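What follows is the content of protein.txt (compact mmCIF, C-alpha atoms).
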```txt
# COMPACT_ATOMS: atom_id res chain seq x y z
CA MET A 1 134.89 -75.06 -108.65
CA GLU A 2 131.69 -74.91 -106.63
CA GLU A 3 129.04 -77.18 -108.06
CA LYS A 4 126.00 -75.20 -109.11
CA LYS A 5 123.60 -75.67 -106.25
CA GLY A 6 120.79 -73.45 -107.33
CA GLU A 7 119.99 -69.81 -107.07
CA VAL A 8 120.99 -67.91 -103.95
CA ILE A 9 119.56 -64.50 -103.10
CA LEU A 10 120.35 -62.47 -100.00
CA PHE A 11 117.94 -59.78 -98.86
CA GLY A 12 119.74 -57.35 -96.61
CA THR A 13 120.67 -53.83 -95.70
CA TRP A 14 124.17 -52.45 -96.08
CA ALA A 15 124.61 -51.30 -92.49
CA SER A 16 123.40 -54.44 -90.79
CA THR A 17 125.78 -56.62 -88.79
CA PHE A 18 123.51 -59.60 -89.29
CA CYS A 19 123.56 -59.21 -93.06
CA THR A 20 127.36 -58.79 -93.05
CA ARG A 21 127.56 -62.17 -91.33
CA VAL A 22 125.74 -63.90 -94.13
CA GLU A 23 127.77 -62.15 -96.83
CA LEU A 24 131.00 -63.19 -95.13
CA ALA A 25 129.88 -66.82 -95.05
CA LEU A 26 128.77 -66.83 -98.68
CA LYS A 27 131.98 -65.18 -99.87
CA LEU A 28 134.13 -67.45 -97.72
CA LYS A 29 132.60 -70.50 -99.34
CA GLY A 30 132.75 -68.98 -102.82
CA ILE A 31 128.99 -69.18 -103.23
CA PRO A 32 127.68 -66.90 -105.99
CA TYR A 33 124.66 -64.91 -104.88
CA GLU A 34 122.44 -62.02 -105.82
CA TYR A 35 122.15 -59.26 -103.26
CA VAL A 36 118.94 -57.30 -102.85
CA GLU A 37 119.11 -54.12 -100.77
CA GLU A 38 115.96 -53.61 -98.72
CA ASP A 39 114.65 -50.29 -97.50
CA LEU A 40 113.54 -51.07 -93.96
CA THR A 41 111.36 -47.97 -93.85
CA ASN A 42 109.49 -49.32 -96.86
CA LYS A 43 109.75 -53.09 -96.82
CA SER A 44 109.10 -54.87 -100.06
CA GLU A 45 106.14 -57.23 -100.44
CA LEU A 46 108.66 -59.88 -101.32
CA LEU A 47 110.53 -59.50 -98.02
CA LEU A 48 107.28 -59.59 -96.10
CA SER A 49 106.31 -62.81 -97.86
CA LEU A 50 109.73 -64.40 -97.30
CA ASN A 51 109.93 -63.56 -93.61
CA PRO A 52 106.33 -63.06 -92.51
CA VAL A 53 107.05 -63.83 -88.86
CA HIS A 54 109.72 -61.20 -88.20
CA LYS A 55 109.72 -59.10 -91.39
CA LYS A 56 113.45 -58.54 -90.97
CA VAL A 57 116.70 -58.94 -92.84
CA PRO A 58 118.80 -60.91 -93.51
CA VAL A 59 116.79 -63.47 -95.40
CA LEU A 60 118.54 -66.01 -97.56
CA VAL A 61 116.59 -67.54 -100.40
CA HIS A 62 117.98 -70.74 -101.85
CA ASN A 63 116.16 -72.59 -104.60
CA GLY A 64 113.10 -70.55 -103.80
CA LYS A 65 113.03 -71.41 -100.08
CA SER A 66 113.72 -68.79 -97.44
CA ILE A 67 115.80 -68.97 -94.29
CA ALA A 68 115.85 -66.21 -91.67
CA GLU A 69 117.92 -65.35 -88.57
CA SER A 70 121.64 -64.80 -89.14
CA LEU A 71 123.05 -67.63 -86.99
CA ILE A 72 120.54 -70.07 -88.42
CA ILE A 73 121.51 -68.97 -91.93
CA LEU A 74 125.19 -69.58 -91.11
CA GLU A 75 124.40 -73.14 -89.97
CA TYR A 76 122.34 -73.65 -93.13
CA ILE A 77 125.16 -72.45 -95.37
CA GLU A 78 127.59 -74.75 -93.57
CA GLU A 79 125.30 -77.75 -94.00
CA CYS A 80 124.31 -77.08 -97.60
CA TRP A 81 127.77 -76.26 -98.87
CA ASN A 82 129.57 -78.88 -96.94
CA THR A 83 132.97 -78.05 -98.37
CA THR A 84 136.06 -76.26 -97.24
CA PRO A 85 136.53 -73.87 -95.81
CA LYS A 86 134.41 -75.09 -92.92
CA LEU A 87 132.83 -72.42 -90.78
CA LEU A 88 132.49 -74.59 -87.68
CA PRO A 89 134.91 -77.06 -86.05
CA GLU A 90 134.35 -80.78 -86.67
CA ASP A 91 134.30 -81.90 -83.05
CA PRO A 92 130.86 -81.61 -81.36
CA TYR A 93 132.30 -80.24 -78.13
CA GLN A 94 134.28 -77.54 -79.93
CA ARG A 95 131.14 -76.72 -81.90
CA ALA A 96 129.17 -76.43 -78.65
CA LYS A 97 131.73 -74.00 -77.24
CA VAL A 98 131.70 -71.88 -80.38
CA ARG A 99 127.89 -71.77 -80.40
CA PHE A 100 127.82 -70.93 -76.70
CA TRP A 101 130.03 -67.89 -77.20
CA ALA A 102 128.17 -66.77 -80.31
CA ASN A 103 124.96 -66.88 -78.25
CA TYR A 104 126.64 -65.00 -75.40
CA TYR A 105 127.80 -62.32 -77.79
CA ASP A 106 124.36 -61.85 -79.33
CA GLN A 107 122.48 -62.01 -76.05
CA LYS A 108 124.75 -59.78 -73.99
CA ILE A 109 127.15 -57.70 -76.06
CA VAL A 110 125.04 -56.72 -79.05
CA PRO A 111 122.21 -55.32 -76.84
CA SER A 112 124.83 -53.53 -74.79
CA PHE A 113 125.88 -51.51 -77.84
CA TYR A 114 122.25 -50.51 -78.41
CA ILE A 115 121.92 -49.40 -74.80
CA ILE A 116 125.05 -47.26 -75.06
CA PHE A 117 123.82 -45.80 -78.30
CA GLY A 118 120.40 -44.94 -76.91
CA SER A 119 121.52 -43.43 -73.61
CA LYS A 120 123.18 -40.22 -72.47
CA ASP A 121 125.57 -38.88 -69.84
CA LYS A 122 125.69 -40.87 -66.60
CA GLU A 123 123.52 -43.65 -68.00
CA ARG A 124 125.81 -43.99 -70.97
CA GLU A 125 128.91 -44.03 -68.79
CA LYS A 126 127.40 -46.86 -66.77
CA ALA A 127 126.43 -48.71 -69.94
CA ILE A 128 130.02 -48.46 -71.23
CA GLU A 129 131.30 -49.83 -67.95
CA ASP A 130 128.75 -52.65 -68.14
CA LEU A 131 129.96 -53.48 -71.65
CA SER A 132 133.53 -53.63 -70.39
CA GLN A 133 132.49 -56.14 -67.72
CA LEU A 134 130.68 -58.28 -70.27
CA LEU A 135 133.72 -58.18 -72.54
CA LYS A 136 135.87 -59.26 -69.62
CA VAL A 137 133.69 -62.33 -69.13
CA PHE A 138 133.98 -62.97 -72.86
CA GLU A 139 137.77 -62.59 -72.80
CA GLU A 140 138.19 -64.95 -69.85
CA GLY A 141 135.76 -67.45 -71.27
CA ILE A 142 137.43 -67.56 -74.67
CA GLU A 143 140.85 -67.96 -73.08
CA LYS A 144 139.57 -70.80 -70.95
CA ASP A 145 137.61 -72.60 -73.66
CA PHE A 146 140.14 -72.19 -76.45
CA PRO A 147 143.56 -72.18 -74.78
CA GLY A 148 146.39 -71.26 -77.08
CA GLN A 149 144.27 -71.03 -80.22
CA SER A 150 142.16 -68.37 -81.83
CA PRO A 151 138.56 -69.55 -82.12
CA PHE A 152 137.89 -66.73 -84.58
CA PHE A 153 139.99 -68.20 -87.35
CA ASN A 154 140.74 -71.62 -88.78
CA GLY A 155 144.38 -70.92 -89.47
CA GLU A 156 144.28 -67.88 -91.71
CA ILE A 157 140.65 -68.21 -92.65
CA LEU A 158 137.70 -66.68 -90.83
CA GLY A 159 135.56 -69.10 -88.87
CA TYR A 160 132.03 -68.96 -87.45
CA LEU A 161 132.95 -67.06 -84.30
CA GLY A 162 135.13 -64.62 -86.26
CA ILE A 163 132.17 -63.95 -88.55
CA VAL A 164 129.75 -63.46 -85.66
CA ILE A 165 131.98 -61.15 -83.63
CA GLY A 166 133.81 -59.41 -86.47
CA SER A 167 130.65 -58.44 -88.36
CA HIS A 168 129.63 -56.44 -85.30
CA ALA A 169 132.69 -55.38 -83.34
CA CYS A 170 134.87 -54.46 -86.32
CA ASN A 171 132.63 -51.43 -86.76
CA TYR A 172 133.67 -50.07 -83.38
CA GLN A 173 135.64 -47.14 -84.74
CA ALA A 174 132.65 -45.92 -86.71
CA VAL A 175 130.49 -46.20 -83.59
CA ASP A 176 133.14 -44.38 -81.54
CA GLU A 177 133.25 -41.57 -84.07
CA ALA A 178 129.49 -41.24 -84.30
CA ILE A 179 128.92 -41.21 -80.56
CA GLY A 180 132.11 -39.39 -79.58
CA VAL A 181 133.17 -41.92 -76.95
CA VAL A 182 135.55 -44.84 -76.82
CA LEU A 183 133.43 -47.95 -76.74
CA ILE A 184 136.11 -50.59 -76.33
CA SER A 185 139.07 -49.36 -74.34
CA GLU A 186 142.33 -50.77 -73.07
CA LYS A 187 140.24 -52.17 -70.23
CA ASN A 188 139.64 -55.01 -72.70
CA PRO A 189 143.00 -55.39 -74.43
CA GLU A 190 142.46 -58.97 -75.54
CA PHE A 191 139.11 -58.26 -77.10
CA LEU A 192 140.60 -55.25 -78.88
CA SER A 193 143.46 -57.33 -80.21
CA TRP A 194 141.04 -60.00 -81.51
CA VAL A 195 138.87 -57.38 -83.18
CA ASN A 196 141.87 -55.70 -84.78
CA ALA A 197 143.08 -59.07 -86.09
CA LEU A 198 139.62 -59.58 -87.60
CA LYS A 199 139.71 -56.10 -89.12
CA ASN A 200 142.99 -56.99 -90.81
CA CYS A 201 141.38 -59.90 -92.57
CA PRO A 202 140.92 -58.77 -96.21
CA LEU A 203 137.52 -60.43 -96.56
CA MET A 204 136.28 -58.52 -93.50
CA GLY A 205 137.60 -55.25 -94.90
CA GLU A 206 135.79 -55.66 -98.20
CA THR A 207 132.49 -56.80 -96.64
CA LEU A 208 132.00 -54.42 -93.71
CA PRO A 209 129.98 -51.27 -94.39
CA PRO A 210 132.22 -48.38 -95.51
CA HIS A 211 133.45 -46.46 -92.48
CA ASP A 212 132.40 -42.92 -93.44
CA LYS A 213 129.02 -44.02 -94.70
CA LEU A 214 128.40 -45.88 -91.44
CA VAL A 215 129.50 -42.90 -89.33
CA ALA A 216 127.09 -40.68 -91.26
CA ARG A 217 124.25 -43.16 -90.84
CA LEU A 218 124.85 -43.62 -87.11
CA SER A 219 125.22 -39.87 -86.54
CA ALA A 220 121.95 -39.20 -88.32
CA ARG A 221 120.24 -41.87 -86.25
CA LEU A 222 121.66 -40.44 -83.07
CA LYS A 223 120.34 -36.97 -83.92
CA SER A 224 116.86 -38.33 -84.53
CA THR A 225 116.63 -40.08 -81.13
CA MET B 226 133.04 -95.50 -70.50
CA GLU B 227 130.52 -92.75 -71.16
CA GLU B 228 129.64 -90.54 -68.25
CA VAL B 229 126.73 -88.19 -68.74
CA LYS B 230 125.42 -85.90 -66.04
CA LEU B 231 122.60 -83.41 -66.29
CA LEU B 232 122.31 -80.58 -63.79
CA GLY B 233 118.75 -79.33 -63.70
CA VAL B 234 115.81 -78.12 -61.66
CA TRP B 235 112.51 -79.96 -61.71
CA PRO B 236 110.11 -77.09 -62.53
CA SER B 237 112.13 -75.85 -65.49
CA PRO B 238 111.08 -76.32 -69.11
CA TYR B 239 114.71 -75.79 -70.13
CA SER B 240 115.84 -78.75 -68.03
CA TYR B 241 113.04 -80.91 -69.39
CA ARG B 242 113.97 -80.24 -73.00
CA VAL B 243 117.31 -81.86 -72.32
CA ILE B 244 115.80 -84.71 -70.28
CA TRP B 245 113.42 -85.49 -73.13
CA ALA B 246 116.21 -85.41 -75.74
CA LEU B 247 118.39 -87.78 -73.71
CA GLU B 248 115.48 -90.10 -72.98
CA LEU B 249 114.31 -90.18 -76.60
CA LYS B 250 117.81 -91.23 -77.60
CA GLY B 251 118.12 -93.72 -74.78
CA VAL B 252 121.24 -92.05 -73.42
CA LYS B 253 122.03 -93.08 -69.86
CA TYR B 254 122.62 -90.11 -67.60
CA GLU B 255 122.79 -89.12 -63.99
CA TYR B 256 120.40 -86.36 -63.05
CA VAL B 257 121.77 -83.90 -60.52
CA LYS B 258 119.14 -81.80 -58.79
CA GLU B 259 120.21 -78.22 -58.35
CA ASP B 260 118.83 -75.66 -55.93
CA LEU B 261 119.04 -72.26 -57.60
CA ALA B 262 118.67 -70.51 -54.26
CA ASN B 263 121.76 -72.34 -53.09
CA LYS B 264 123.90 -73.11 -56.13
CA SER B 265 126.29 -76.02 -55.80
CA ASP B 266 130.01 -75.69 -56.34
CA LEU B 267 129.54 -78.12 -59.18
CA LEU B 268 127.16 -75.76 -60.99
CA LEU B 269 129.39 -72.76 -60.43
CA ARG B 270 132.33 -74.72 -61.78
CA TYR B 271 130.50 -76.11 -64.82
CA ASN B 272 128.67 -72.92 -65.77
CA PRO B 273 130.57 -69.98 -64.35
CA VAL B 274 129.34 -67.57 -67.03
CA HIS B 275 125.59 -67.85 -66.47
CA GLN B 276 125.36 -70.00 -63.31
CA LYS B 277 122.17 -71.48 -64.66
CA VAL B 278 120.72 -74.86 -65.49
CA PRO B 279 120.53 -77.00 -67.48
CA VAL B 280 124.16 -78.02 -67.83
CA LEU B 281 125.11 -81.24 -69.55
CA VAL B 282 128.41 -82.76 -68.51
CA HIS B 283 129.74 -85.43 -70.87
CA ASN B 284 132.92 -87.13 -69.70
CA GLU B 285 133.69 -84.08 -67.58
CA LYS B 286 133.09 -81.67 -70.49
CA PRO B 287 130.40 -79.16 -69.50
CA ILE B 288 127.96 -77.68 -72.01
CA ALA B 289 125.56 -74.90 -71.03
CA GLU B 290 122.56 -73.23 -72.73
CA SER B 291 119.71 -75.57 -73.58
CA THR B 292 119.75 -74.97 -77.35
CA VAL B 293 123.51 -75.54 -77.49
CA ILE B 294 123.05 -78.71 -75.42
CA LEU B 295 120.31 -80.00 -77.73
CA GLU B 296 122.53 -79.57 -80.81
CA TYR B 297 125.38 -81.30 -78.97
CA ILE B 298 123.16 -84.24 -78.04
CA GLU B 299 121.94 -84.54 -81.63
CA GLU B 300 125.50 -84.54 -82.99
CA THR B 301 127.01 -86.81 -80.35
CA TRP B 302 124.23 -89.44 -80.36
CA PRO B 303 122.94 -89.32 -83.93
CA HIS B 304 120.63 -92.36 -83.65
CA ASN B 305 116.90 -91.59 -83.29
CA PRO B 306 117.49 -88.24 -84.98
CA LEU B 307 115.67 -85.25 -83.54
CA LEU B 308 116.38 -82.94 -86.45
CA PRO B 309 115.35 -83.52 -90.06
CA THR B 310 118.09 -84.40 -92.58
CA ASP B 311 117.15 -81.72 -95.09
CA PRO B 312 119.07 -78.47 -94.36
CA HIS B 313 116.07 -76.25 -95.04
CA GLU B 314 113.86 -78.27 -92.70
CA ARG B 315 116.61 -78.15 -90.09
CA ALA B 316 116.76 -74.36 -90.45
CA PHE B 317 112.98 -74.24 -90.09
CA ALA B 318 113.10 -76.24 -86.84
CA ARG B 319 115.88 -74.02 -85.46
CA PHE B 320 113.97 -70.90 -86.46
CA TRP B 321 110.94 -71.99 -84.41
CA ILE B 322 113.08 -73.00 -81.46
CA LYS B 323 114.57 -69.52 -81.45
CA PHE B 324 111.14 -67.99 -81.94
CA LEU B 325 109.74 -69.54 -78.78
CA ASP B 326 112.80 -68.69 -76.73
CA ASP B 327 112.79 -65.08 -77.94
CA LYS B 328 109.12 -64.80 -77.02
CA SER B 329 109.46 -66.22 -73.53
CA PRO B 330 109.14 -62.75 -71.93
CA THR B 331 105.70 -62.48 -73.56
CA LEU B 332 104.67 -65.90 -72.25
CA VAL B 333 105.98 -65.20 -68.79
CA GLY B 334 104.36 -61.76 -68.95
CA LEU B 335 101.02 -63.52 -68.65
CA TYR B 336 102.08 -64.79 -65.30
CA LEU B 337 103.93 -61.79 -63.94
CA THR B 338 101.24 -59.18 -64.50
CA VAL B 339 97.86 -58.23 -63.12
CA GLY B 340 94.88 -56.19 -64.25
CA GLU B 341 95.14 -54.27 -67.49
CA GLU B 342 98.72 -55.32 -68.09
CA GLN B 343 97.64 -58.93 -67.79
CA GLU B 344 94.80 -58.41 -70.28
CA LYS B 345 97.33 -57.02 -72.74
CA ALA B 346 99.66 -59.97 -72.04
CA THR B 347 96.81 -62.44 -72.61
CA LYS B 348 96.08 -60.90 -75.98
CA GLU B 349 99.75 -61.07 -76.96
CA VAL B 350 99.97 -64.74 -76.00
CA ARG B 351 96.89 -65.52 -78.10
CA GLU B 352 98.52 -63.82 -81.07
CA LEU B 353 101.66 -65.83 -80.48
CA LEU B 354 99.74 -69.10 -80.38
CA LYS B 355 98.06 -68.16 -83.65
CA ILE B 356 101.41 -67.56 -85.34
CA ILE B 357 102.79 -70.76 -83.85
CA GLU B 358 99.84 -72.80 -85.07
CA GLU B 359 99.58 -71.29 -88.55
CA GLN B 360 103.20 -70.72 -89.47
CA GLY B 361 105.14 -73.02 -87.20
CA LEU B 362 103.03 -76.13 -87.09
CA GLY B 363 100.96 -75.63 -90.24
CA GLU B 364 99.62 -78.94 -91.52
CA LYS B 365 102.41 -81.01 -90.06
CA LYS B 366 101.99 -83.60 -87.34
CA TYR B 367 105.01 -82.30 -85.47
CA PHE B 368 106.94 -79.05 -85.69
CA GLY B 369 109.85 -80.89 -87.31
CA GLY B 370 107.74 -83.00 -89.68
CA ASP B 371 106.48 -86.56 -89.21
CA LYS B 372 108.41 -87.34 -86.10
CA ILE B 373 108.89 -85.68 -82.75
CA GLY B 374 112.01 -83.52 -82.77
CA LEU B 375 113.92 -80.81 -80.99
CA ALA B 376 111.40 -78.11 -81.93
CA ASP B 377 108.61 -80.17 -80.36
CA LEU B 378 110.62 -80.57 -77.15
CA VAL B 379 110.91 -76.78 -76.96
CA PHE B 380 107.22 -76.27 -77.72
CA GLY B 381 106.55 -78.79 -74.95
CA PHE B 382 106.33 -75.63 -72.92
CA ILE B 383 102.77 -75.22 -74.17
CA PRO B 384 101.20 -78.51 -73.04
CA VAL B 385 103.14 -78.73 -69.79
CA TRP B 386 103.69 -75.22 -68.52
CA LEU B 387 101.31 -72.82 -70.24
CA GLY B 388 98.23 -74.25 -68.49
CA VAL B 389 100.01 -74.04 -65.17
CA LEU B 390 100.94 -70.41 -65.78
CA GLU B 391 97.36 -69.65 -66.73
CA GLU B 392 95.92 -71.32 -63.68
CA SER B 393 98.32 -69.78 -61.21
CA ALA B 394 97.76 -66.37 -62.77
CA GLY B 395 93.99 -66.86 -62.79
CA VAL B 396 93.70 -66.28 -66.50
CA LYS B 397 92.55 -68.33 -69.48
CA VAL B 398 94.20 -67.66 -72.80
CA THR B 399 92.35 -70.14 -74.98
CA LYS B 400 88.77 -71.33 -75.31
CA PRO B 401 88.08 -75.05 -75.95
CA ASP B 402 87.65 -74.64 -79.73
CA ASP B 403 90.68 -72.44 -80.21
CA PHE B 404 93.75 -73.54 -82.13
CA PRO B 405 92.47 -76.99 -83.15
CA ARG B 406 95.67 -78.06 -84.88
CA LEU B 407 97.76 -77.06 -81.91
CA GLN B 408 95.38 -79.05 -79.68
CA VAL B 409 95.99 -82.15 -81.82
CA TRP B 410 99.73 -81.59 -81.56
CA ILE B 411 99.41 -81.25 -77.80
CA GLU B 412 97.60 -84.60 -77.63
CA ASN B 413 100.26 -86.29 -79.78
CA PHE B 414 103.00 -84.76 -77.70
CA ARG B 415 101.52 -85.82 -74.39
CA GLU B 416 100.85 -89.36 -75.66
CA ASN B 417 104.45 -89.95 -76.70
CA PRO B 418 105.57 -92.69 -74.29
CA VAL B 419 108.90 -91.06 -73.47
CA ILE B 420 107.31 -87.69 -72.78
CA LYS B 421 104.52 -89.29 -70.77
CA ALA B 422 107.06 -91.06 -68.57
CA ASN B 423 109.03 -87.88 -67.96
CA LEU B 424 106.72 -85.11 -66.86
CA PRO B 425 106.82 -82.95 -63.75
CA ASP B 426 104.03 -83.65 -61.29
CA PRO B 427 101.27 -81.23 -62.34
CA HIS B 428 100.04 -80.58 -58.79
CA GLN B 429 103.49 -79.81 -57.52
CA LEU B 430 104.13 -77.64 -60.54
CA LEU B 431 100.95 -75.66 -59.95
CA ALA B 432 101.68 -75.19 -56.24
CA HIS B 433 105.23 -74.12 -57.02
CA SER B 434 104.04 -71.77 -59.74
CA LYS B 435 101.46 -70.09 -57.52
CA GLN B 436 103.92 -69.60 -54.74
CA LYS B 437 106.57 -68.21 -57.05
CA ARG B 438 104.07 -65.78 -58.56
CA GLU B 439 103.15 -64.41 -55.13
CA VAL B 440 106.79 -63.79 -54.34
CA LEU B 441 107.53 -62.19 -57.72
CA LEU B 442 104.47 -59.92 -57.65
CA ALA B 443 105.23 -58.85 -54.09
CA SER B 444 108.76 -57.89 -55.07
CA LYS B 445 107.43 -55.93 -58.07
CA ILE B 446 105.07 -53.91 -55.90
CA ALA B 447 107.68 -53.29 -53.22
```

Please rewrite the model in this file as structure tokens.
Amino acid sequence: MEEKKGEVILFGTWASTFCTRVELALKLKGIPYEYVEEDLTNKSELLLSLNPVHKKVPVLVHNGKSIAESLIILEYIEECWNTTPKLLPEDPYQRAKVRFWANYYDQKIVPSFYIIFGSKDKEREKAIEDLSQLLKVFEEGIEKDFPGQSPFFNGEILGYLGIVIGSHACNYQAVDEAIGVVLISEKNPEFLSWVNALKNCPLMGETLPPHDKLVARLSARLKST
Amino acid sequence: MEEVKLLGVWPSPYSYRVIWALELKGVKYEYVKEDLANKSDLLLRYNPVHQKVPVLVHNEKPIAESTVILEYIEETWPHNPLLPTDPHERAFARFWIKFLDDKSPTLVGLYLTVGEEQEKATKEVRELLKIIEEQGLGEKKYFGGDKIGLADLVFGFIPVWLGVLEESAGVKVTKPDDFPRLQVWIENFRENPVIKANLPDPHQLLAHSKQKREVLLASKIA
């Protein structure tokens, strides 16, 4: 039974990877929270006051204090609810490796998806190839840094890296359908197998945005660009 | 037997963040000077993904990315803590560290542009400094609270490098009365004995900065 640690509110949007991350962490730790859906085309005064610097979601409010930026929120949740399941490994070097790859993913792979989304024809083809190269580096790096173990799970339970990657990559089929291309091919078989393992995790399934709704949203966005 | 090596380059704020953290904690380390125009086998082996500095190597275990290194240092050598104990304050410090790093293109933009573009960049940097002073620093003595911490080491960019960028780009972002609280923080930062004892030579930094700017601008025009 989780001790009552004060009120938790998450401001987010249903389609956002970064918000999914926070929801996964809260659910994993069994932390009760209130979810507030924001309309990013019409941001609430409350959101603007809670995250005046970036005016973005997700924002976690705990006991009246706000925390922004998804990875920072994950670290906060881990520190505040210092119980099992743990999101991060105990050993500082393992933690460093996990943080390194989370940073790599956010700095290289996430923007790559945006580039693919926003480009056409030859440019898009090149962007897809670039993504494949980045994923190759990711695959090799993960194999090297975590030999013989999945860094995405702690046993059966999702871990920090699984949350970071899964919240984004597990939507790949919706992105494929919306764009009409295969984003992650057999050129990256390991990455695909990791993502599919993450997709099979029940908590992931119930937290990710619904497939059809996401396809519709992405398709609409594509048409408007 | 602890063996700590730091691969770095002398003009880099990212290398200095790590130097300052190690020095503030009194961790003995060997500094290995890298030449980014001629990367050593050691660097390529320790950081194959990015091939950048800084890289911390602790008992042959390499850690890359300055923010990852700073967290590792804090966890491995917890004495003289550089992060607050309260989780919300820790999150606040991390938020501002990320803020500065995310905005580095804007800061560097000051230096890499000329004419109208540079005027626009100057304005953007002023706005950044305003946000940093009002929302980041606020009424606190340091970004992390009462004591110097990781966030301050990252904002060390401002006292040590911003002036150099301004001078080599021939631009002045702030007037003497601007950002008074930030000015006080800058004084406190520079007076910290560990920081004071570990600063790049300002003349060398300026010369290096000017030269680098010429090369970068020439390659932009070409």

Report task. Choose the residue, out of A:Gly12, A:Gly180, A:Pro89, A:Pro111, that has the smallest atom-to-atom separation from Leu218 of chain A; count only C-alpha atoms. Result -> A:Gly180

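Here the question is which of B:Leu362, B:Val419, B:Trp321, B:Val398 gets nearest to Ala68 of chain A using all atoms listed in the file, and that residue is B:Trp321.
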
Query raised in the report: Of the candidates A:Ile165, A:Leu183, A:Cys19, A:Val8, which shows the shortest atom-to-atom distance to His62 of chain A, using only C-alpha atoms?
Result: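 Nearest to His62 of chain A: A:Val8.
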
Please build the interface table for segment 62-113 of chain A against segment 267-283 of chain B with a cut-off of 12 Å, listing for each qualifying residue the nearest atom pair and the distance in Å to one decimal; count only C-alpha atoms, order rows by chain and increasing number, and write it as a tab-separated table.
```
residue	atom	partner	partner_atom	distance
A:Pro92	CA	B:His283	CA	11.2
A:Tyr93	CA	B:His283	CA	9.3
A:Ala96	CA	B:Leu281	CA	11.1
A:Lys97	CA	B:Asn272	CA	11.9
A:Phe100	CA	B:Val274	CA	10.3
A:Trp101	CA	B:Val274	CA	10.2
A:Asn103	CA	B:His275	CA	11.8
A:Tyr104	CA	B:Val274	CA	9.2
A:Gln107	CA	B:His275	CA	11.6
A:Lys108	CA	B:His275	CA	11.1
```

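Contact shell of segment 219-225 of chain A at 9 Å (only C-alpha atoms; same-chain neighbours under 5 positions omitted): Phe117, Gly118, Val175, Glu177, Ala178, Ile179 and Leu214 of chain A.
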
Query raised in the report: Counting all atoms listed in the file, what is within 8 Å of Lys136 of chain A, bar same-chain residues fewer than 4 positions away, as a ChimeraX atom specification?
Result: /A:132,140,188

Query raised in the report: With distances taken over all atoms listed in the file, which of A:Leu28, A:Ala169, A:Val98, A:Leu46 is nearest to Ser193 of chain A?
Result: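 Of the candidates, the smallest distance to Ser193 of chain A is held by A:Ala169.
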
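Proximity ranking of A:Phe152, A:Trp81, A:Phe18, A:Tyr160 relative to Lys199 of chain A places A:Phe152 first, based on all atoms listed in the file.
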
As a PDB file with C-alpha atoms, in the frame of the given file, please: the residues near Asp377 of chain B (cut-off 8 Å, all atoms listed in the file, same-chain neighbours under 3 positions excluded).
```
ATOM      1  CA  TYR B 367     105.010 -82.300 -85.470  1.00  0.00           C
ATOM      2  CA  PHE B 368     106.940 -79.050 -85.690  1.00  0.00           C
ATOM      3  CA  GLY B 369     109.850 -80.890 -87.310  1.00  0.00           C
ATOM      4  CA  ILE B 373     108.890 -85.680 -82.750  1.00  0.00           C
ATOM      5  CA  GLY B 374     112.010 -83.520 -82.770  1.00  0.00           C
ATOM      6  CA  PHE B 380     107.220 -76.270 -77.720  1.00  0.00           C
ATOM      7  CA  GLY B 381     106.550 -78.790 -74.950  1.00  0.00           C
ATOM      8  CA  PHE B 414     103.000 -84.760 -77.700  1.00  0.00           C
TER       9      PHE B 414
END
```

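You will find atom CA of Glu358 of chain B at 24.4 Å from atom CA of Glu342 of chain B.
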
Requested in this report: At a cut-off of 7 Å, list the chain B residues touching chain A, using all atoms listed in the file, as a ChimeraX atom specification.
Outcome: /B:288,290,293,297,300-301,312,316,319-320
